[in-house]
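Asks: Sharing a structure here in structure tokens format.
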Amino acid sequence: MNKELSPQYDSKQIEDNIYKIWEESGYFNPDNLPTTHKKPFTIIMPPPNANGSLHIGHALFVTLQDIMIRYQRMRGRKTLWLPGADHAGFETQVVYNKKLEKEGRSFWEIPREQLYNEIKDFTLANKKYMEGQLKKLGASCDWSREKFTLDEDVKKVVCETFEKLYNDGLVYRAEKPVNWCTKHQTTLSDLEIKYEEKQDKLYYIKYKVSPSASSGQVDEYIEVATTRPETIPADIAVAVHPKSKWAKFIGKKVINPLTKKEIPVLSDMVVDLTFGTGALKITPFHDPVDFMVWQNHKNEITIQPFSVINQYGKMTAEAGTDLAGLKVKEAREKSIELLRPVLVKEPEDYKHQVSVCYKCGTTIEPRIMMQWFVKMTEKPAGNPSAKLRTRKSLRDLAVDAVKSKKIKFIPARFEKIFMHWMKNLHDWNISRQIVWGIQIPVWYCQDKTNEICKKNDGVIVSSKNPEKCPHCGSNNLKQETDVFDTWFSSGQWPYATLMTTKECDFKKYYPTDVMETGWDILFFWVTRMIMFGLYRTGKIPFKDVYLHGLVRDKDRQKMSKSKGNVINPLEVAEIYGTDAVRMALIVGTTAGNDPIISEDKIRGYRNFATKIWNASRFVLMNYKKIDVKPKLTSADKKNLKDLESAKKKITKYLDKYDFNHAAETAYHYFWHTLADKVIEQSKPRIKSENLADAAAAQETLIKILGESMKLLHPFMPFITEQIYQILPTTKEKSLLMIEKW
RNA sequence: GCGCCCUUAGCUCAGUGGUAGAGCGUUUGCAUGACACGCAAAAGGUCAUAGGUUCGAUCCCUGUAGGGCGCACCA
């Protein structure tokens, strides 16, 4: 055979062109779809973080969502797939911080405004690059409606929600224990910390009972077990379990072994009798449990709690001259040196879980800070605002929607996981001390002459700049510098996007049909979207939640640059074709489980693309107009029947989100039925002198090929569209993309 | 501590209350006028383990073992 007529399909030559044809057709935009497309079908694309490039995990979500969209579009639905990008506040700032470190610049020395603008340029450049990547992957989304989490109109919606939450008493400002990352200089929500097992020491320290209060005996003391002796200077009490052997000292005083100050002995059930000594030192500003104990015993404790560790993880002057200035770790050693005379025994090795920053692994310092919180489990206070149709807590709104099956999870087991998490919800700290994000819409009146201003610290919550204080008229206002936790804004994504498109899509396309995203952000994102969606609009944001897993390599390893096992979707798409990459991601992958992908697997589906190409070539090469009425044989009829049953099967699978089986069925049908059987059987007949039979064979072939292209299109859109375009049965200017399924 | 999940062919995974499936890999033929990125065939599994329910269980229930993961204020 002539080598120049390569029998192999060259994806590179056609993909860009096909995408261009689709884009120019305008059919990505539901408004341009033929009038036969009626009922809407909507997916809001989870906005990728615009702080890098798309990886294979993104390719997975693009493929899954594109399959749903293309399938529904072919079924005649008015399909809207709304793309977007996320500024990804903290994550992006971390990425940019690293970038600066590499360049030898100091993140902390750059003025806030300059830093913001630099990160903005960086983010917008990434965003643009990612858009190109999405197109390469064949995403048939409506670019005319693209949104960004920092669009002014989106920010406005987000800030309005905050204001509404505040007015309903669901947002509050308070000084409470929060997670502080000493490296990134910001607080983090409870979800943004992880626990690491660490080998530490458990120290047993004598707290001498104050002689003035004791029964006259000299050497009486309480033994306290702690892993953090460096915080002893901030101890303001000792709590013991009422049934512990220390109970007799309840109400008396002990001497703080470092500051020598008298501190009270409290009784509290939180102290675990079976752990340590049954006595707990109370350091409210460095431990959340201690903070709670302090709150419950305020009238028994005269000393105001204070902090001995600063925001950089170093000891403050309040820690005393011996410790001041030392890092926490050094202070721990130093304090033990000082405490040696009062140690009960040698410290024990102790393995425990320590909370660390999920990004950098730095040990989290619990700190008490004035922060903004969202109430998750309490009902709105006072008169709910007009639009609020319910008086349920944010949690109950979401729980009820899932319980009543208004929102379904695929796979269903995530419903249990969802419920379990919702049960243990705590209030959500949404303020971050970073520059990259949406500034919290709060102003503080600096004059505070008015009583109201005095009472609430001059807080003015307003989704737009108030210019002057509504209480005293002062124009001496200062805006809050903290920004929102990114998930506070992305948690509003479904309605924030649809409310701000110029076509006013909210009415038409909300609630959306499916939310397709990774299970790893179920708590970060999905739960919040459900809560905010119901709270703000009174309606669920989506009906079904399809959760996919994390893409792994053939040894089940997570992909990471350091392991060198990352697959860049665009690189492999360049070599094997986008269609092959998409198939490799779908076949063998079930909802909620981690897809496994390797170059071998992609190569396998590249082979399939070649097979499609060659089978089509065969059909086309042998197709010529015969002016005889085709006479279908029983074999032809059976073949057409097989096609119908394959079509039914695939449809059934697609309708229940079983993309794995849908794709596999289409693959199997094409290769092992159409190519191996139908084509093989047709060979002698095509050349037959019985023209009616030859025509029948041809007609059957071309019909089956055309239908097969439809069945494969959602999965492998490029090659199928290309073949459809050259089929003799295709009408001028028509596109497979909107052919009827 | 509370909770979720997994264990099926050499590998990666599907699946069903009634003789076990796919892809890749392996073996054996084939340079067959679409395709060697191919064609035709073949080998390969007490479906982790012990009980129970059932006429019948890989599938349902209980326990056990191994593995993965989520949540959590044990100093």
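We label chains A, B, ... in the order they appear in the structure tokens, count residues from 1 in each chain, and number ligands from 1 in the order shown.
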Quick one: residues within 9 Å of A:Thr500, only C-alpha atoms (C1' of nucleotides), excluding same-chain residues fewer than 3 positions away - as a VMD selection string?
Replies: chain A and resid 147 153 to 154 157 495 to 497 503 to 506
Asks: For the contact check between chain A and chain B, emit one row per residue of chain A within 6 Å, containing the shortest atom pair and the distance in Å rounded to one decimal, counting only C-alpha atoms (C1' of nucleotides), chain then rising number order, as CSV.
Replies:
residue,atom,partner,partner_atom,distance
A:Thr226,CA,B:A75,C1',5.5
A:Val289,CA,B:C73,C1',5.0
A:Gly588,CA,B:C13,C1',5.9
A:Asn607,CA,B:C37,C1',4.3
A:Asn614,CA,B:A34,C1',4.8
A:Ala615,CA,B:A34,C1',5.4
A:Arg617,CA,B:A34,C1',5.9
A:Phe618,CA,B:A34,C1',4.4
Asks: Please report, as number ranges by chain, each residue of stretch 112-221 of chain A to which DSSP assigns strand (DSSP E) when run on this structure's backbone.
Replies: A: 147-148, 171-181, 186-188, 193-208, 221
Asks: So which residues touch stretch 50-67 of chain B within 12 Å, counting only C-alpha atoms (C1' of nucleotides), skipping near sequence neighbours fewer than 6 positions away, as a list in words?
Replies: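 Selected residues are C5, C6, U7, U8, G15, U16, G17, G18 and A20 of chain B.
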Asks: Could you write out the selected residues, including N, CA and C atoms (P, O5', C5', C4', C3', O3' and C1' of nucleotides), as a PDB file, in the first residue's frame?
Replies:
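Result went into selection-v3.pdb, see below:
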ATOM      1  P     C B   5     -20.248   1.839  53.465  1.00  0.00           P
ATOM      2  O5'   C B   5     -18.935   1.558  52.591  1.00  0.00           O
ATOM      3  C5'   C B   5     -18.785   2.178  51.333  1.00  0.00           C
ATOM      4  C4'   C B   5     -17.365   2.046  50.856  1.00  0.00           C
ATOM      5  C3'   C B   5     -16.880   0.633  50.572  1.00  0.00           C
ATOM      6  O3'   C B   5     -17.385   0.151  49.343  1.00  0.00           O
ATOM      7  C1'   C B   5     -15.191   1.824  51.704  1.00  0.00           C
ATOM      8  P     C B   6     -17.514  -1.417  49.127  1.00  0.00           P
ATOM      9  O5'   C B   6     -16.000  -1.831  48.859  1.00  0.00           O
ATOM     10  C5'   C B   6     -15.314  -1.349  47.712  1.00  0.00           C
ATOM     11  C4'   C B   6     -13.859  -1.745  47.797  1.00  0.00           C
ATOM     12  C3'   C B   6     -13.602  -3.239  47.841  1.00  0.00           C
ATOM     13  O3'   C B   6     -13.602  -3.778  46.537  1.00  0.00           O
ATOM     14  C1'   C B   6     -12.313  -2.180  49.511  1.00  0.00           C
ATOM     15  P     U B   7     -14.112  -5.298  46.372  1.00  0.00           P
ATOM     16  O5'   U B   7     -12.835  -6.143  46.829  1.00  0.00           O
ATOM     17  C5'   U B   7     -11.581  -6.000  46.138  1.00  0.00           C
ATOM     18  C4'   U B   7     -10.543  -6.854  46.842  1.00  0.00           C
ATOM     19  C3'   U B   7     -10.824  -8.362  46.774  1.00  0.00           C
ATOM     20  O3'   U B   7      -9.684  -9.087  46.324  1.00  0.00           O
ATOM     21  C1'   U B   7     -10.590  -7.642  49.041  1.00  0.00           C
ATOM     22  P     U B   8      -9.343  -9.147  44.781  1.00  0.00           P
ATOM     23  O5'   U B   8     -10.596  -9.916  44.187  1.00  0.00           O
ATOM     24  C5'   U B   8     -10.692 -11.315  44.348  1.00  0.00           C
ATOM     25  C4'   U B   8     -11.445 -11.900  43.187  1.00  0.00           C
ATOM     26  C3'   U B   8     -10.833 -11.616  41.823  1.00  0.00           C
ATOM     27  O3'   U B   8      -9.765 -12.493  41.531  1.00  0.00           O
ATOM     28  C1'   U B   8     -13.132 -11.137  41.738  1.00  0.00           C
ATOM     29  P     G B  15     -19.738  -2.179  39.134  1.00  0.00           P
ATOM     30  O5'   G B  15     -20.411  -3.550  38.657  1.00  0.00           O
ATOM     31  C5'   G B  15     -21.145  -3.590  37.439  1.00  0.00           C
ATOM     32  C4'   G B  15     -21.531  -5.018  37.155  1.00  0.00           C
ATOM     33  C3'   G B  15     -22.292  -5.703  38.284  1.00  0.00           C
ATOM     34  O3'   G B  15     -23.668  -5.403  38.191  1.00  0.00           O
ATOM     35  C1'   G B  15     -20.545  -7.118  37.557  1.00  0.00           C
ATOM     36  P     U B  16     -24.522  -5.346  39.524  1.00  0.00           P
ATOM     37  O5'   U B  16     -25.312  -6.703  39.520  1.00  0.00           O
ATOM     38  C5'   U B  16     -26.168  -7.036  38.425  1.00  0.00           C
ATOM     39  C4'   U B  16     -26.358  -8.522  38.402  1.00  0.00           C
ATOM     40  C3'   U B  16     -26.759  -9.108  39.752  1.00  0.00           C
ATOM     41  O3'   U B  16     -28.160  -9.055  39.947  1.00  0.00           O
ATOM     42  C1'   U B  16     -24.945 -10.340  38.889  1.00  0.00           C
ATOM     43  P     G B  17     -28.685  -9.167  41.392  1.00  0.00           P
ATOM     44  O5'   G B  17     -28.136 -10.576  41.919  1.00  0.00           O
ATOM     45  C5'   G B  17     -28.762 -11.247  42.964  1.00  0.00           C
ATOM     46  C4'   G B  17     -28.520 -12.749  42.774  1.00  0.00           C
ATOM     47  C3'   G B  17     -29.583 -13.415  41.927  1.00  0.00           C
ATOM     48  O3'   G B  17     -29.070 -14.584  41.293  1.00  0.00           O
ATOM     49  C1'   G B  17     -29.583 -14.344  44.061  1.00  0.00           C
ATOM     50  P     G B  18     -28.520 -14.528  39.860  1.00  0.00           P
ATOM     51  O5'   G B  18     -28.434 -16.084  39.556  1.00  0.00           O
ATOM     52  C5'   G B  18     -27.228 -16.769  39.955  1.00  0.00           C
ATOM     53  C4'   G B  18     -27.301 -18.229  39.554  1.00  0.00           C
ATOM     54  C3'   G B  18     -27.505 -18.412  38.036  1.00  0.00           C
ATOM     55  O3'   G B  18     -26.462 -19.212  37.486  1.00  0.00           O
ATOM     56  C1'   G B  18     -29.319 -19.413  39.273  1.00  0.00           C
ATOM     57  P     A B  20     -19.850 -19.836  36.053  1.00  0.00           P
ATOM     58  O5'   A B  20     -20.631 -18.805  35.128  1.00  0.00           O
ATOM     59  C5'   A B  20     -19.991 -18.059  34.151  1.00  0.00           C
ATOM     60  C4'   A B  20     -19.502 -16.727  34.731  1.00  0.00           C
ATOM     61  C3'   A B  20     -18.507 -16.081  33.810  1.00  0.00           C
ATOM     62  O3'   A B  20     -19.258 -15.196  33.019  1.00  0.00           O
ATOM     63  C1'   A B  20     -17.932 -15.825  36.113  1.00  0.00           C
TER      64        A B  20
END
Asks: Using DSSP secondary structure from the backbone, list all helix (DSSP H, G or I) positions within stretch 57-244 of chain A, as a ChimeraX atom specification.
Replies: /A:57-74,89-103,107-109,112-136,143-145,152-167,190-192,229-234
Asks: Using only C-alpha atoms (C1' of nucleotides), which protein or nucleic acid residues come within 8 Å of A:Tyr350? Drop anything in the same chain fewer than 3 positions from it, and give the result as a list of chain:residue names.
Replies: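 Within the cut-off, the hits are A:Gln199, A:Asp200, A:Lys201, A:Leu202.
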Asks: Would you save the residues of that selection, restricted to all heavy atoms, as a PDB file, in the first residue's frame?
Replies:
ATOM      1  N   GLN A 199       5.726  12.433  67.222  1.00  0.00           N
ATOM      2  CA  GLN A 199       6.330  11.849  68.414  1.00  0.00           C
ATOM      3  C   GLN A 199       6.766  13.001  69.307  1.00  0.00           C
ATOM      4  O   GLN A 199       7.644  13.776  68.952  1.00  0.00           O
ATOM      5  CB  GLN A 199       7.536  11.007  67.983  1.00  0.00           C
ATOM      6  CG  GLN A 199       8.183  10.215  69.079  1.00  0.00           C
ATOM      7  CD  GLN A 199       7.288   9.116  69.623  1.00  0.00           C
ATOM      8  OE1 GLN A 199       6.824   9.202  70.750  1.00  0.00           O
ATOM      9  NE2 GLN A 199       7.036   8.107  68.813  1.00  0.00           N
ATOM     10  N   ASP A 200       6.104  13.139  70.453  1.00  0.00           N
ATOM     11  CA  ASP A 200       6.470  14.212  71.379  1.00  0.00           C
ATOM     12  C   ASP A 200       6.726  13.602  72.741  1.00  0.00           C
ATOM     13  O   ASP A 200       6.763  12.389  72.899  1.00  0.00           O
ATOM     14  CB  ASP A 200       5.339  15.255  71.469  1.00  0.00           C
ATOM     15  CG  ASP A 200       5.493  16.335  70.400  1.00  0.00           C
ATOM     16  OD1 ASP A 200       6.641  16.732  70.129  1.00  0.00           O
ATOM     17  OD2 ASP A 200       4.466  16.756  69.836  1.00  0.00           O
ATOM     18  N   LYS A 201       6.892  14.484  73.726  1.00  0.00           N
ATOM     19  CA  LYS A 201       7.070  14.028  75.103  1.00  0.00           C
ATOM     20  C   LYS A 201       5.873  14.497  75.924  1.00  0.00           C
ATOM     21  O   LYS A 201       5.323  15.572  75.677  1.00  0.00           O
ATOM     22  CB  LYS A 201       8.335  14.656  75.709  1.00  0.00           C
ATOM     23  CG  LYS A 201       9.606  14.286  74.983  1.00  0.00           C
ATOM     24  CD  LYS A 201      10.260  13.088  75.615  1.00  0.00           C
ATOM     25  CE  LYS A 201      11.594  12.822  74.931  1.00  0.00           C
ATOM     26  NZ  LYS A 201      11.948  11.412  74.986  1.00  0.00           N
ATOM     27  N   LEU A 202       5.514  13.658  76.867  1.00  0.00           N
ATOM     28  CA  LEU A 202       4.487  14.071  77.813  1.00  0.00           C
ATOM     29  C   LEU A 202       5.203  14.327  79.134  1.00  0.00           C
ATOM     30  O   LEU A 202       5.868  13.433  79.682  1.00  0.00           O
ATOM     31  CB  LEU A 202       3.453  12.954  77.951  1.00  0.00           C
ATOM     32  CG  LEU A 202       2.185  13.282  78.736  1.00  0.00           C
ATOM     33  CD1 LEU A 202       1.444  14.470  78.136  1.00  0.00           C
ATOM     34  CD2 LEU A 202       1.261  12.062  78.762  1.00  0.00           C
TER      35      LEU A 202
END
Asks: Could you please determine the separation between atom CA of A:Met499 and atom CA of A:Phe409 in Å, to one decimal place?
Replies: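 Computing it gives 25.1 Å between the two atoms.
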Asks: Please provide as a PDB file with all heavy atoms, in the first residue's frame all residues within 12 Å of B:C30, with the sequence filter that same-chain residues fewer than 2 positions apart are discarded (counting only C-alpha atoms (C1' of nucleotides)).
Replies:
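And here is the file that came out, around.pdb:
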ATOM      1  P     U B  28       4.356 -18.819  21.512  1.00  0.00           P
ATOM      2  OP1   U B  28       5.565 -19.658  21.346  1.00  0.00           O
ATOM      3  OP2   U B  28       4.423 -17.348  21.287  1.00  0.00           O
ATOM      4  O5'   U B  28       3.190 -19.400  20.599  1.00  0.00           O
ATOM      5  C5'   U B  28       2.879 -20.785  20.643  1.00  0.00           C
ATOM      6  C4'   U B  28       1.708 -21.073  19.740  1.00  0.00           C
ATOM      7  O4'   U B  28       0.506 -20.455  20.284  1.00  0.00           O
ATOM      8  C3'   U B  28       1.804 -20.453  18.352  1.00  0.00           C
ATOM      9  O3'   U B  28       2.657 -21.188  17.504  1.00  0.00           O
ATOM     10  C2'   U B  28       0.345 -20.488  17.913  1.00  0.00           C
ATOM     11  O2'   U B  28      -0.076 -21.776  17.514  1.00  0.00           O
ATOM     12  C1'   U B  28      -0.358 -20.099  19.215  1.00  0.00           C
ATOM     13  N1    U B  28      -0.634 -18.637  19.273  1.00  0.00           N
ATOM     14  C2    U B  28      -1.801 -18.186  18.679  1.00  0.00           C
ATOM     15  O2    U B  28      -2.589 -18.941  18.123  1.00  0.00           O
ATOM     16  N3    U B  28      -2.007 -16.837  18.746  1.00  0.00           N
ATOM     17  C4    U B  28      -1.182 -15.901  19.340  1.00  0.00           C
ATOM     18  O4    U B  28      -1.499 -14.716  19.331  1.00  0.00           O
ATOM     19  C5    U B  28       0.011 -16.441  19.926  1.00  0.00           C
ATOM     20  C6    U B  28       0.241 -17.769  19.870  1.00  0.00           C
ATOM     21  P     U B  32      -1.363 -10.653   4.387  1.00  0.00           P
ATOM     22  OP1   U B  32      -0.952 -10.230   3.031  1.00  0.00           O
ATOM     23  OP2   U B  32      -1.433  -9.678   5.462  1.00  0.00           O
ATOM     24  O5'   U B  32      -2.770 -11.368   4.316  1.00  0.00           O
ATOM     25  C5'   U B  32      -3.247 -11.895   3.059  1.00  0.00           C
ATOM     26  C4'   U B  32      -4.742 -11.782   3.046  1.00  0.00           C
ATOM     27  O4'   U B  32      -5.208 -12.579   4.150  1.00  0.00           O
ATOM     28  C3'   U B  32      -5.274 -10.355   3.279  1.00  0.00           C
ATOM     29  O3'   U B  32      -5.736  -9.856   2.030  1.00  0.00           O
ATOM     30  C2'   U B  32      -6.394 -10.521   4.294  1.00  0.00           C
ATOM     31  O2'   U B  32      -7.663 -10.235   3.719  1.00  0.00           O
ATOM     32  C1'   U B  32      -6.399 -12.010   4.657  1.00  0.00           C
ATOM     33  N1    U B  32      -6.460 -12.353   6.075  1.00  0.00           N
ATOM     34  C2    U B  32      -6.073 -11.407   7.028  1.00  0.00           C
ATOM     35  O2    U B  32      -5.682 -10.308   6.744  1.00  0.00           O
ATOM     36  N3    U B  32      -6.172 -11.841   8.323  1.00  0.00           N
ATOM     37  C4    U B  32      -6.608 -13.054   8.767  1.00  0.00           C
ATOM     38  O4    U B  32      -6.635 -13.290   9.959  1.00  0.00           O
ATOM     39  C5    U B  32      -6.984 -13.973   7.726  1.00  0.00           C
ATOM     40  C6    U B  32      -6.920 -13.591   6.453  1.00  0.00           C
ATOM     41  P     A B  36      -1.886  -2.251   9.425  1.00  0.00           P
ATOM     42  OP1   A B  36      -0.667  -1.477   9.071  1.00  0.00           O
ATOM     43  OP2   A B  36      -2.419  -3.233   8.473  1.00  0.00           O
ATOM     44  O5'   A B  36      -1.615  -3.006  10.795  1.00  0.00           O
ATOM     45  C5'   A B  36      -1.514  -2.317  12.044  1.00  0.00           C
ATOM     46  C4'   A B  36      -0.736  -3.225  12.979  1.00  0.00           C
ATOM     47  O4'   A B  36      -1.069  -4.587  12.657  1.00  0.00           O
ATOM     48  C3'   A B  36       0.779  -3.098  12.862  1.00  0.00           C
ATOM     49  O3'   A B  36       1.346  -3.016  14.160  1.00  0.00           O
ATOM     50  C2'   A B  36       1.227  -4.369  12.199  1.00  0.00           C
ATOM     51  O2'   A B  36       2.442  -4.855  12.712  1.00  0.00           O
ATOM     52  C1'   A B  36       0.113  -5.345  12.590  1.00  0.00           C
ATOM     53  N9    A B  36      -0.091  -6.435  11.624  1.00  0.00           N
ATOM     54  C8    A B  36      -0.862  -6.462  10.510  1.00  0.00           C
ATOM     55  N7    A B  36      -0.845  -7.602   9.844  1.00  0.00           N
ATOM     56  C5    A B  36       0.004  -8.382  10.606  1.00  0.00           C
ATOM     57  C6    A B  36       0.447  -9.707  10.452  1.00  0.00           C
ATOM     58  N6    A B  36       0.061 -10.483   9.441  1.00  0.00           N
ATOM     59  N1    A B  36       1.284 -10.183  11.383  1.00  0.00           N
ATOM     60  C2    A B  36       1.659  -9.381  12.397  1.00  0.00           C
ATOM     61  N3    A B  36       1.308  -8.117  12.656  1.00  0.00           N
ATOM     62  C4    A B  36       0.476  -7.680  11.709  1.00  0.00           C
ATOM     63  P     G B  38      -4.357  -2.854  17.239  1.00  0.00           P
ATOM     64  OP1   G B  38      -4.883  -1.547  17.652  1.00  0.00           O
ATOM     65  OP2   G B  38      -3.918  -3.832  18.240  1.00  0.00           O
ATOM     66  O5'   G B  38      -5.443  -3.544  16.319  1.00  0.00           O
ATOM     67  C5'   G B  38      -5.861  -2.918  15.100  1.00  0.00           C
ATOM     68  C4'   G B  38      -5.786  -3.859  13.936  1.00  0.00           C
ATOM     69  O4'   G B  38      -4.411  -4.132  13.586  1.00  0.00           O
ATOM     70  C3'   G B  38      -6.333  -5.253  14.145  1.00  0.00           C
ATOM     71  O3'   G B  38      -7.739  -5.237  14.174  1.00  0.00           O
ATOM     72  C2'   G B  38      -5.760  -5.976  12.934  1.00  0.00           C
ATOM     73  O2'   G B  38      -6.423  -5.590  11.765  1.00  0.00           O
ATOM     74  C1'   G B  38      -4.347  -5.381  12.918  1.00  0.00           C
ATOM     75  N9    G B  38      -3.370  -6.238  13.586  1.00  0.00           N
ATOM     76  C8    G B  38      -2.593  -5.932  14.671  1.00  0.00           C
ATOM     77  N7    G B  38      -1.802  -6.915  15.024  1.00  0.00           N
ATOM     78  C5    G B  38      -2.089  -7.936  14.119  1.00  0.00           C
ATOM     79  C6    G B  38      -1.535  -9.235  13.994  1.00  0.00           C
ATOM     80  O6    G B  38      -0.668  -9.777  14.699  1.00  0.00           O
ATOM     81  N1    G B  38      -2.105  -9.932  12.951  1.00  0.00           N
ATOM     82  C2    G B  38      -3.067  -9.446  12.115  1.00  0.00           C
ATOM     83  N2    G B  38      -3.488 -10.260  11.157  1.00  0.00           N
ATOM     84  N3    G B  38      -3.584  -8.233  12.211  1.00  0.00           N
ATOM     85  C4    G B  38      -3.047  -7.534  13.224  1.00  0.00           C
ATOM     86  P     C B  39      -8.506  -6.274  15.061  1.00  0.00           P
ATOM     87  OP1   C B  39      -9.907  -5.821  15.067  1.00  0.00           O
ATOM     88  OP2   C B  39      -7.807  -6.509  16.335  1.00  0.00           O
ATOM     89  O5'   C B  39      -8.381  -7.595  14.184  1.00  0.00           O
ATOM     90  C5'   C B  39      -9.010  -7.651  12.915  1.00  0.00           C
ATOM     91  C4'   C B  39      -8.752  -8.990  12.296  1.00  0.00           C
ATOM     92  O4'   C B  39      -7.327  -9.144  12.060  1.00  0.00           O
ATOM     93  C3'   C B  39      -9.090 -10.196  13.161  1.00  0.00           C
ATOM     94  O3'   C B  39     -10.476 -10.486  13.132  1.00  0.00           O
ATOM     95  C2'   C B  39      -8.268 -11.281  12.491  1.00  0.00           C
ATOM     96  O2'   C B  39      -8.846 -11.697  11.272  1.00  0.00           O
ATOM     97  C1'   C B  39      -6.973 -10.514  12.199  1.00  0.00           C
ATOM     98  N1    C B  39      -5.983 -10.640  13.276  1.00  0.00           N
ATOM     99  C2    C B  39      -5.227 -11.825  13.333  1.00  0.00           C
ATOM    100  O2    C B  39      -5.432 -12.716  12.492  1.00  0.00           O
ATOM    101  N3    C B  39      -4.302 -11.965  14.311  1.00  0.00           N
ATOM    102  C4    C B  39      -4.117 -10.983  15.195  1.00  0.00           C
ATOM    103  N4    C B  39      -3.179 -11.171  16.138  1.00  0.00           N
ATOM    104  C5    C B  39      -4.877  -9.777  15.169  1.00  0.00           C
ATOM    105  C6    C B  39      -5.791  -9.655  14.194  1.00  0.00           C
ATOM    106  P     A B  40     -11.168 -11.188  14.367  1.00  0.00           P
ATOM    107  OP1   A B  40     -12.611 -11.215  14.062  1.00  0.00           O
ATOM    108  OP2   A B  40     -10.686 -10.605  15.633  1.00  0.00           O
ATOM    109  O5'   A B  40     -10.586 -12.673  14.274  1.00  0.00           O
ATOM    110  C5'   A B  40     -10.959 -13.504  13.194  1.00  0.00           C
ATOM    111  C4'   A B  40     -10.277 -14.837  13.352  1.00  0.00           C
ATOM    112  O4'   A B  40      -8.839 -14.657  13.244  1.00  0.00           O
ATOM    113  C3'   A B  40     -10.451 -15.486  14.720  1.00  0.00           C
ATOM    114  O3'   A B  40     -11.685 -16.147  14.816  1.00  0.00           O
ATOM    115  C2'   A B  40      -9.276 -16.452  14.739  1.00  0.00           C
ATOM    116  O2'   A B  40      -9.528 -17.598  13.961  1.00  0.00           O
ATOM    117  C1'   A B  40      -8.187 -15.609  14.072  1.00  0.00           C
ATOM    118  N9    A B  40      -7.354 -14.885  15.039  1.00  0.00           N
ATOM    119  C8    A B  40      -7.441 -13.585  15.458  1.00  0.00           C
ATOM    120  N7    A B  40      -6.522 -13.243  16.340  1.00  0.00           N
ATOM    121  C5    A B  40      -5.781 -14.401  16.498  1.00  0.00           C
ATOM    122  C6    A B  40      -4.658 -14.713  17.295  1.00  0.00           C
ATOM    123  N6    A B  40      -4.068 -13.829  18.105  1.00  0.00           N
ATOM    124  N1    A B  40      -4.159 -15.972  17.232  1.00  0.00           N
ATOM    125  C2    A B  40      -4.758 -16.848  16.415  1.00  0.00           C
ATOM    126  N3    A B  40      -5.813 -16.683  15.618  1.00  0.00           N
ATOM    127  C4    A B  40      -6.279 -15.425  15.708  1.00  0.00           C
ATOM    128  P     A B  41     -12.337 -16.376  16.233  1.00  0.00           P
ATOM    129  OP1   A B  41     -13.562 -17.193  16.004  1.00  0.00           O
ATOM    130  OP2   A B  41     -12.433 -15.087  16.960  1.00  0.00           O
ATOM    131  O5'   A B  41     -11.189 -17.222  16.947  1.00  0.00           O
ATOM    132  C5'   A B  41     -11.421 -18.517  17.412  1.00  0.00           C
ATOM    133  C4'   A B  41     -10.108 -19.159  17.765  1.00  0.00           C
ATOM    134  O4'   A B  41      -8.976 -18.343  17.381  1.00  0.00           O
ATOM    135  C3'   A B  41      -9.880 -19.336  19.259  1.00  0.00           C
ATOM    136  O3'   A B  41     -10.646 -20.402  19.768  1.00  0.00           O
ATOM    137  C2'   A B  41      -8.384 -19.640  19.276  1.00  0.00           C
ATOM    138  O2'   A B  41      -8.106 -20.943  18.847  1.00  0.00           O
ATOM    139  C1'   A B  41      -7.874 -18.643  18.238  1.00  0.00           C
ATOM    140  N9    A B  41      -7.385 -17.412  18.857  1.00  0.00           N
ATOM    141  C8    A B  41      -7.933 -16.145  18.821  1.00  0.00           C
ATOM    142  N7    A B  41      -7.245 -15.246  19.491  1.00  0.00           N
ATOM    143  C5    A B  41      -6.182 -15.972  20.009  1.00  0.00           C
ATOM    144  C6    A B  41      -5.075 -15.603  20.816  1.00  0.00           C
ATOM    145  N6    A B  41      -4.879 -14.364  21.255  1.00  0.00           N
ATOM    146  N1    A B  41      -4.197 -16.569  21.164  1.00  0.00           N
ATOM    147  C2    A B  41      -4.413 -17.822  20.719  1.00  0.00           C
ATOM    148  N3    A B  41      -5.411 -18.286  19.949  1.00  0.00           N
ATOM    149  C4    A B  41      -6.260 -17.301  19.632  1.00  0.00           C
TER     150        A B  41
END
Asks: Which residue out of A:Val628, A:Leu585, A:Arg685, A:Ile452 has the minimum interatomic distance to A:Leu60 when only C-alpha atoms are used?
Replies: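 Nearest candidate to A:Leu60 out of A:Val628, A:Leu585, A:Arg685, A:Ile452: A:Leu585.
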Asks: Give me the residues within 8 Å of stretch 297-311 of chain A as a list in words, counting only C-alpha atoms (C1' of nucleotides) and dropping any in the same chain fewer than 3 places off.
Replies: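 Returned residues: Trp180, Thr182, Gln185, Thr231, Pro233, Ala234, Asp235, Ile236, Ala237, Ile263, Pro264, Leu266, Thr283, Pro284, Phe285, His286, Val293, Trp294, Lys314, Met315, Thr316, Ala317, Glu318, Ala319 and Val328 of chain A.
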Asks: Quick check, in Å to one decimal: how far apart do atom CA of A:Ala573 and atom CA of A:Gly138 lie?
Replies: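 So the two atoms, atom CA of A:Ala573 and atom CA of A:Gly138, lie 10.8 Å apart.
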